[in-house]
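**Student:** Here it is, the structure in full.
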Amino acid sequence: PWRLQKSKIEETIQGLIKKLKDGEYCCHYSGLKVTPGFSASVDHRIPQSKGGTHDLTNLVWCHVQVNKLKNDMTEKQFINRSANILVELNYLDSRRQL
């Protein structure tokens, strides 16, 4: 559970709303449109399990399903893993076309 000081709660909420609007209601990782209360979730770029904080610079909006795939990876780990998967899929697709 999130444990923010009461003085930081309002500041964090307002900052998250601004991030959502500035990001045009899109997932930070995939670009998919997100809807608060339905498909949007807040992700820790560096998970709490790896020392991440609730600081606004560590929080991003992402699609719920993308957040599930990211699990407890850091942002860098997730992006690298996703890139490797895409390279592998492109390789497999090119082999099928031979």
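We name chains A, B, ... following the order of the structure tokens; residues begin at 1 in each chain, and ligands are numbered from 1 as shown.
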Excluding Ser82 (chain A) and its own-chain neighbours fewer than 5 positions away, which residues fall within 12 Å of it when counting only C-alpha atoms? Please give them as a CSV table (one decimal) with N, CA and C atoms, in the first residue's frame.

**Tutor:**
```csv
chain,number,residue,atom,x,y,z
A,29,TYR,N,4.6,3.5,-21.7
A,29,TYR,CA,5.4,2.5,-22.4
A,29,TYR,C,4.9,2.1,-23.8
A,30,SER,N,3.6,2.0,-23.9
A,30,SER,CA,3.1,1.5,-25.2
A,30,SER,C,2.4,2.6,-26.1
A,66,VAL,N,-0.2,-3.6,-19.5
A,66,VAL,CA,1.2,-3.4,-19.7
A,66,VAL,C,1.8,-3.4,-18.3
A,69,LEU,N,2.4,-6.9,-17.3
A,69,LEU,CA,3.5,-7.5,-18.0
A,69,LEU,C,4.9,-7.0,-17.4
A,70,LYS,N,4.9,-5.8,-17.0
A,70,LYS,CA,6.1,-5.2,-16.5
A,70,LYS,C,6.4,-5.8,-15.1
A,73,MET,N,9.8,-5.4,-12.8
A,73,MET,CA,11.0,-5.0,-13.6
A,73,MET,C,11.1,-3.5,-13.4
A,75,GLU,N,12.0,0.1,-15.3
A,75,GLU,CA,11.6,0.6,-16.6
A,75,GLU,C,12.7,0.2,-17.6
A,76,LYS,N,13.9,0.3,-17.3
A,76,LYS,CA,15.0,-0.1,-18.2
A,76,LYS,C,15.0,-1.6,-18.5
A,77,GLN,N,14.8,-2.4,-17.5
A,77,GLN,CA,14.7,-3.8,-17.8
A,77,GLN,C,13.5,-4.2,-18.7
A,87,VAL,N,12.6,-8.0,-31.5
A,87,VAL,CA,13.7,-8.4,-32.4
A,87,VAL,C,13.5,-9.9,-32.7
A,88,GLU,N,13.2,-10.7,-31.7
A,88,GLU,CA,13.0,-12.1,-31.9
A,88,GLU,C,11.7,-12.4,-32.8
A,89,LEU,N,10.7,-11.7,-32.6
A,89,LEU,CA,9.4,-11.8,-33.4
A,89,LEU,C,9.7,-11.4,-34.8
```

**Student:** Write down as a ChimeraX atom specification the residues belonging to chain A that are assigned alpha helix (DSSP H) by DSSP computed on the backbone.

**Tutor:** /A:6-22,64-70,75-96

**Student:** Quick check for you: according to DSSP on this backbone, which residues of region 13-75 of chain A are classed as strand (DSSP E)? Reply as a PyMOL selection string.

**Tutor:** chain A and resi 40-44+59-63

**Student:** Create the file for the chosen residues now, containing C-alpha atoms and written as a compact mmCIF listing (two decimals), in the first residue's frame.

**Tutor:**
```
# COMPACT_ATOMS: atom_id res chain seq x y z
CA ALA A 40 -5.11 3.26 -16.49
CA SER A 41 -2.76 2.40 -13.67
CA VAL A 42 0.12 4.20 -12.01
CA ASP A 43 3.46 2.43 -12.35
CA HIS A 44 6.68 2.88 -10.42
CA LEU A 59 5.56 7.49 -11.23
CA VAL A 60 4.07 7.13 -14.72
CA TRP A 61 0.68 6.25 -16.14
CA CYS A 62 0.44 3.00 -18.04
CA HIS A 63 -2.14 0.57 -19.34
```

**Student:** Using Å and a single decimal, report how far CA of Gly31 (chain A) sits from CA of Arg95 (chain A).

**Tutor:**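 Going from CA of Arg95 (chain A) over to CA of Gly31 (chain A) covers 28.5 Å.
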
**Student:** Which is closer to Gly52 (chain A) than all the others in A:Thr74, A:Gln5, A:Gly23, A:Leu86, using only C-alpha atoms?

**Tutor:** A:Thr74

**Student:** Suppose you want the space between CA of His28 (chain A) and CA of Asn90 (chain A); what is it in Å?

**Tutor:**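 Computing it gives 23.1 Å between the two atoms.
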
**Student:** Please report the interatomic distance between CA of Tyr91 (chain A) and CA of Gln65 (chain A) in Å with one decimal.

**Tutor:**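 Interatomic distance here is 25.0 Å.
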
**Student:** Go through A:Leu92, A:Asp55, A:Asp72, A:Val64 one by one, measure the shortest atom-to-atom distance of each to Thr12 (chain A) using only C-alpha atoms, and give the residue with the smallest value.

**Tutor:**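 Smallest distance to Thr12 (chain A) is found for A:Asp55.
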